[in-house]
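Visitor: Here's a structure for you.
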Amino acid sequence: MSTALRTVFAGAALVLAGFGAAQAQECPTAPMFVGVSGPNSDVRQSARRVDQGDWRNAAHFASEALESGTSNRNKNAAAINLCAALANEGDAGTADACATAIERNGDSWEAYTNRGGAFWLAGDHASAAADFARAAELGAGEAAVAHNAALAQCNG
């Protein structure tokens, strides 16, 4: 085999290997959660902590906002953040927190994204897929929505 032909075959093999690696990267192994911010400092802090994966502090700040006299808008955001934080902490209160987030934010892709992630972490992939589908209806084009849709499709 000529050197030129070997080079072509080697190049094709590298392209195919790269294609396989790219496909593998498109199949996430864990859900993505989102933080929702607002004008209240506790809500902003909880959202920031969710985005950083600092679940304990996210739960703390979200709980502070929910227990305060802040506006419903802030409490709605805090409920979504608390759902994400407790799910990632494996807290027994996760189901209640996520149900509250949905009750307060029925048209929020973020609420369905986070509850779907909570279901996924709890091993209820069918319920997670349903919430991820609802999140996709409400928030098409959002990175977390696309991520979680791929998670459900690849691992469902």
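Chain labels run A, B, ... following the order of the structure tokens; each chain numbers its residues from 1, and ligands are numbered from 1 in the order shown.
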Could you give me, as a tab-separated table, every region 30-82 of chain A residue with an atom at most 7 Å from region 114-135 of chain A, plus its closest atom pair and distance in Å to one decimal, counting only C-alpha atoms, rows ordered by chain then number?

Guide:
residue	atom	partner	partner_atom	distance
A:Pro31	CA	A:Gly117	CA	5.2
A:Met32	CA	A:Gly117	CA	6.8
A:Phe33	CA	A:Asn114	CA	5.3
A:Val34	CA	A:Asn114	CA	6.7
A:Ile80	CA	A:Asn114	CA	7.0

Visitor: How would the residues just chosen look if you wrote them out with N, CA, C and O atoms as a short mmCIF file (atom, residue, chain, number, x, y, z; two decimals), in the first residue's frame?

Guide:
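Saved as again.cif:
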data_model
loop_
_atom_site.label_atom_id
_atom_site.label_comp_id
_atom_site.auth_asym_id
_atom_site.auth_seq_id
_atom_site.Cartn_x
_atom_site.Cartn_y
_atom_site.Cartn_z
N PRO A 31 -28.48 14.94 34.80
CA PRO A 31 -29.32 16.09 34.42
C PRO A 31 -28.64 17.42 34.70
O PRO A 31 -27.74 17.52 35.54
N MET A 32 -29.10 18.44 33.98
CA MET A 32 -28.64 19.80 34.21
C MET A 32 -29.75 20.53 34.96
O MET A 32 -30.93 20.39 34.64
N PHE A 33 -29.36 21.28 35.97
CA PHE A 33 -30.29 22.07 36.77
C PHE A 33 -30.05 23.55 36.48
O PHE A 33 -28.97 23.93 36.05
N VAL A 34 -31.08 24.37 36.72
CA VAL A 34 -30.96 25.80 36.47
C VAL A 34 -31.36 26.58 37.72
O VAL A 34 -32.25 26.19 38.45
N ILE A 80 -38.05 27.18 42.88
CA ILE A 80 -37.38 26.46 41.80
C ILE A 80 -35.94 26.12 42.21
O ILE A 80 -35.46 25.01 42.00
#

Visitor: Name the residues in contact with Ala58 (chain A) at a cut-off of 6 Å, using only C-alpha atoms, excluding same-chain residues fewer than 5 positions from it; report them as a PyMOL selection string.

Guide: chain A and resi 46+49-50+85

Visitor: At a cut-off of 9 Å, using only C-alpha atoms, what residues contact Cys83 (chain A)? Leave out same-chain residues fewer than 5 positions from it and give the result as a PDB file with C-alpha atoms, in the first residue's frame.

Guide:
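And here is the file that came out, out-v5.pdb:
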ATOM      1  CA  ALA A  59     -30.821  25.378  49.767  1.00  0.00           C
ATOM      2  CA  ALA A  78     -36.657  30.483  45.379  1.00  0.00           C
ATOM      3  CA  ASN A  88     -28.771  17.207  44.521  1.00  0.00           C
ATOM      4  CA  GLY A  93     -37.965  17.015  51.237  1.00  0.00           C
ATOM      5  CA  THR A  94     -37.150  17.071  47.532  1.00  0.00           C
ATOM      6  CA  ALA A  95     -40.542  15.824  46.294  1.00  0.00           C
ATOM      7  CA  ASP A  96     -42.431  18.435  48.324  1.00  0.00           C
ATOM      8  CA  ALA A  97     -40.084  21.236  47.302  1.00  0.00           C
ATOM      9  CA  CYS A  98     -40.365  20.341  43.628  1.00  0.00           C
ATOM     10  CA  ALA A  99     -44.158  20.018  43.829  1.00  0.00           C
ATOM     11  CA  THR A 100     -44.264  23.496  45.370  1.00  0.00           C
ATOM     12  CA  ALA A 101     -42.050  24.830  42.584  1.00  0.00           C
ATOM     13  CA  ALA A 111     -39.477  24.413  37.302  1.00  0.00           C
ATOM     14  CA  ASN A 114     -35.402  21.021  37.905  1.00  0.00           C
ATOM     15  CA  ARG A 115     -38.222  18.661  38.903  1.00  0.00           C
ATOM     16  CA  ALA A 118     -34.907  15.523  40.671  1.00  0.00           C
TER      17      ALA A 118
END

Visitor: Give me the residues near Ala62 (chain A) as an mmCIF file with N, CA, C and O atoms, in the first residue's frame, where near means some atom within 12 Å (using only C-alpha atoms) and where sequence neighbours in that chain fewer than 6 positions away do not count.

Guide:
data_model
loop_
_atom_site.group_PDB
_atom_site.id
_atom_site.type_symbol
_atom_site.label_atom_id
_atom_site.label_comp_id
_atom_site.auth_asym_id
_atom_site.auth_seq_id
_atom_site.Cartn_x
_atom_site.Cartn_y
_atom_site.Cartn_z
ATOM 1 N N GLY A 35 -30.652 27.689 37.925
ATOM 2 C CA GLY A 35 -31.002 28.619 38.982
ATOM 3 C C GLY A 35 -31.804 29.771 38.403
ATOM 4 O O GLY A 35 -31.571 30.177 37.270
ATOM 5 N N VAL A 36 -32.748 30.253 39.180
ATOM 6 C CA VAL A 36 -33.569 31.389 38.760
ATOM 7 C C VAL A 36 -33.311 32.533 39.728
ATOM 8 O O VAL A 36 -33.445 32.375 40.943
ATOM 9 N N SER A 37 -32.933 33.673 39.190
ATOM 10 C CA SER A 37 -32.592 34.829 40.013
ATOM 11 C C SER A 37 -33.779 35.767 40.131
ATOM 12 O O SER A 37 -34.813 35.572 39.505
ATOM 13 N N GLY A 38 -33.595 36.771 40.951
ATOM 14 C CA GLY A 38 -34.617 37.787 41.159
ATOM 15 C C GLY A 38 -34.020 38.956 41.902
ATOM 16 O O GLY A 38 -32.828 38.948 42.247
ATOM 17 N N ASN A 40 -34.427 39.889 44.982
ATOM 18 C CA ASN A 40 -34.117 39.619 46.378
ATOM 19 C C ASN A 40 -32.706 39.039 46.503
ATOM 20 O O ASN A 40 -32.323 38.150 45.741
ATOM 21 N N SER A 41 -31.935 39.515 47.487
ATOM 22 C CA SER A 41 -30.536 39.058 47.621
ATOM 23 C C SER A 41 -30.444 37.565 47.921
ATOM 24 O O SER A 41 -29.543 36.893 47.412
ATOM 25 N N ASP A 42 -31.352 37.017 48.731
ATOM 26 C CA ASP A 42 -31.319 35.573 49.001
ATOM 27 C C ASP A 42 -31.617 34.770 47.743
ATOM 28 O O ASP A 42 -31.003 33.725 47.500
ATOM 29 N N VAL A 43 -32.541 35.243 46.935
ATOM 30 C CA VAL A 43 -32.862 34.556 45.679
ATOM 31 C C VAL A 43 -31.668 34.617 44.734
ATOM 32 O O VAL A 43 -31.302 33.614 44.111
ATOM 33 N N ARG A 44 -31.041 35.772 44.627
ATOM 34 C CA ARG A 44 -29.840 35.892 43.770
ATOM 35 C C ARG A 44 -28.750 34.940 44.244
ATOM 36 O O ARG A 44 -28.102 34.271 43.431
ATOM 37 N N GLN A 45 -28.548 34.895 45.566
ATOM 38 C CA GLN A 45 -27.511 34.007 46.107
ATOM 39 C C GLN A 45 -27.855 32.539 45.866
ATOM 40 O O GLN A 45 -26.982 31.734 45.540
ATOM 41 N N SER A 46 -29.130 32.179 46.024
ATOM 42 C CA SER A 46 -29.505 30.777 45.796
ATOM 43 C C SER A 46 -29.319 30.411 44.324
ATOM 44 O O SER A 46 -28.815 29.325 44.017
ATOM 45 N N ALA A 47 -29.692 31.312 43.421
ATOM 46 C CA ALA A 47 -29.513 31.039 41.991
ATOM 47 C C ALA A 47 -28.038 30.879 41.655
ATOM 48 O O ALA A 47 -27.655 29.965 40.904
ATOM 49 N N ARG A 48 -27.225 31.756 42.191
ATOM 50 C CA ARG A 48 -25.783 31.667 41.933
ATOM 51 C C ARG A 48 -25.219 30.350 42.448
ATOM 52 O O ARG A 48 -24.422 29.691 41.774
ATOM 53 N N ARG A 49 -25.668 29.935 43.631
ATOM 54 C CA ARG A 49 -25.174 28.684 44.203
ATOM 55 C C ARG A 49 -25.650 27.467 43.399
ATOM 56 O O ARG A 49 -24.915 26.501 43.246
ATOM 57 N N VAL A 50 -26.877 27.517 42.879
ATOM 58 C CA VAL A 50 -27.347 26.426 42.010
ATOM 59 C C VAL A 50 -26.445 26.342 40.791
ATOM 60 O O VAL A 50 -25.975 25.264 40.420
ATOM 61 N N TRP A 55 -24.866 23.066 46.465
ATOM 62 C CA TRP A 55 -26.240 22.720 46.802
ATOM 63 C C TRP A 55 -26.640 23.091 48.218
ATOM 64 O O TRP A 55 -27.753 23.565 48.444
ATOM 65 N N ARG A 56 -25.752 22.882 49.178
ATOM 66 C CA ARG A 56 -26.084 23.188 50.570
ATOM 67 C C ARG A 56 -26.388 24.666 50.742
ATOM 68 O O ARG A 56 -27.407 25.040 51.337
ATOM 69 N N SER A 68 -39.055 34.458 54.190
ATOM 70 C CA SER A 68 -39.048 35.906 54.402
ATOM 71 C C SER A 68 -40.366 36.521 53.927
ATOM 72 O O SER A 68 -41.236 35.835 53.403
ATOM 73 N N THR A 70 -40.654 38.443 51.419
ATOM 74 C CA THR A 70 -40.396 38.915 50.062
ATOM 75 C C THR A 70 -41.606 38.674 49.151
ATOM 76 O O THR A 70 -42.549 37.983 49.522
ATOM 77 N N ASN A 74 -40.267 36.584 43.980
ATOM 78 C CA ASN A 74 -39.034 36.070 44.564
ATOM 79 C C ASN A 74 -39.233 34.676 45.149
ATOM 80 O O ASN A 74 -38.367 33.811 45.018
ATOM 81 N N LYS A 75 -40.364 34.456 45.796
ATOM 82 C CA LYS A 75 -40.628 33.134 46.364
ATOM 83 C C LYS A 75 -40.779 32.081 45.270
ATOM 84 O O LYS A 75 -40.367 30.934 45.452
ATOM 85 N N ASN A 76 -41.352 32.478 44.140
ATOM 86 C CA ASN A 76 -41.472 31.543 43.020
ATOM 87 C C ASN A 76 -40.091 31.093 42.541
ATOM 88 O O ASN A 76 -39.856 29.904 42.315
ATOM 89 N N ALA A 77 -39.189 32.039 42.391
ATOM 90 C CA ALA A 77 -37.818 31.714 41.964
ATOM 91 C C ALA A 77 -37.117 30.870 43.026
ATOM 92 O O ALA A 77 -36.436 29.888 42.701
ATOM 93 N N ALA A 78 -37.295 31.223 44.287
ATOM 94 C CA ALA A 78 -36.657 30.483 45.379
ATOM 95 C C ALA A 78 -37.137 29.034 45.398
ATOM 96 O O ALA A 78 -36.355 28.116 45.668
ATOM 97 N N ALA A 79 -38.423 28.816 45.122
ATOM 98 C CA ALA A 79 -38.963 27.451 45.118
ATOM 99 C C ALA A 79 -38.286 26.601 44.040
ATOM 100 O O ALA A 79 -37.967 25.428 44.268
ATOM 101 N N ILE A 80 -38.052 27.182 42.880
ATOM 102 C CA ILE A 80 -37.376 26.463 41.802
ATOM 103 C C ILE A 80 -35.941 26.116 42.214
ATOM 104 O O ILE A 80 -35.461 25.006 41.998
ATOM 105 N N ASN A 81 -35.263 27.065 42.845
ATOM 106 C CA ASN A 81 -33.881 26.842 43.282
ATOM 107 C C ASN A 81 -33.810 25.800 44.390
ATOM 108 O O ASN A 81 -32.898 24.970 44.415
ATOM 109 N N LEU A 82 -34.785 25.836 45.304
ATOM 110 C CA LEU A 82 -34.791 24.865 46.400
ATOM 111 C C LEU A 82 -34.984 23.448 45.869
ATOM 112 O O LEU A 82 -34.346 22.509 46.347
ATOM 113 N N CYS A 83 -35.833 23.296 44.878
ATOM 114 C CA CYS A 83 -36.033 21.985 44.251
ATOM 115 C C CYS A 83 -34.704 21.430 43.746
ATOM 116 O O CYS A 83 -34.351 20.281 44.024
ATOM 117 N N ALA A 84 -33.949 22.233 43.019
ATOM 118 C CA ALA A 84 -32.657 21.788 42.474
ATOM 119 C C ALA A 84 -31.681 21.445 43.586
ATOM 120 O O ALA A 84 -31.001 20.413 43.545
ATOM 121 N N ALA A 85 -31.618 22.309 44.595
ATOM 122 C CA ALA A 85 -30.653 22.109 45.676
ATOM 123 C C ALA A 85 -30.950 20.833 46.462
ATOM 124 O O ALA A 85 -30.052 20.024 46.709
ATOM 125 N N LEU A 86 -32.191 20.651 46.857
ATOM 126 C CA LEU A 86 -32.539 19.473 47.654
ATOM 127 C C LEU A 86 -32.389 18.188 46.855
ATOM 128 O O LEU A 86 -31.966 17.163 47.397
ATOM 129 N N ALA A 97 -40.641 19.980 47.814
ATOM 130 C CA ALA A 97 -40.084 21.236 47.302
ATOM 131 C C ALA A 97 -40.331 21.371 45.806
ATOM 132 O O ALA A 97 -40.696 22.454 45.318
ATOM 133 N N ALA A 101 -42.600 24.051 43.709
ATOM 134 C CA ALA A 101 -42.050 24.830 42.584
ATOM 135 C C ALA A 101 -42.984 24.777 41.386
ATOM 136 O O ALA A 101 -43.228 25.800 40.739
#
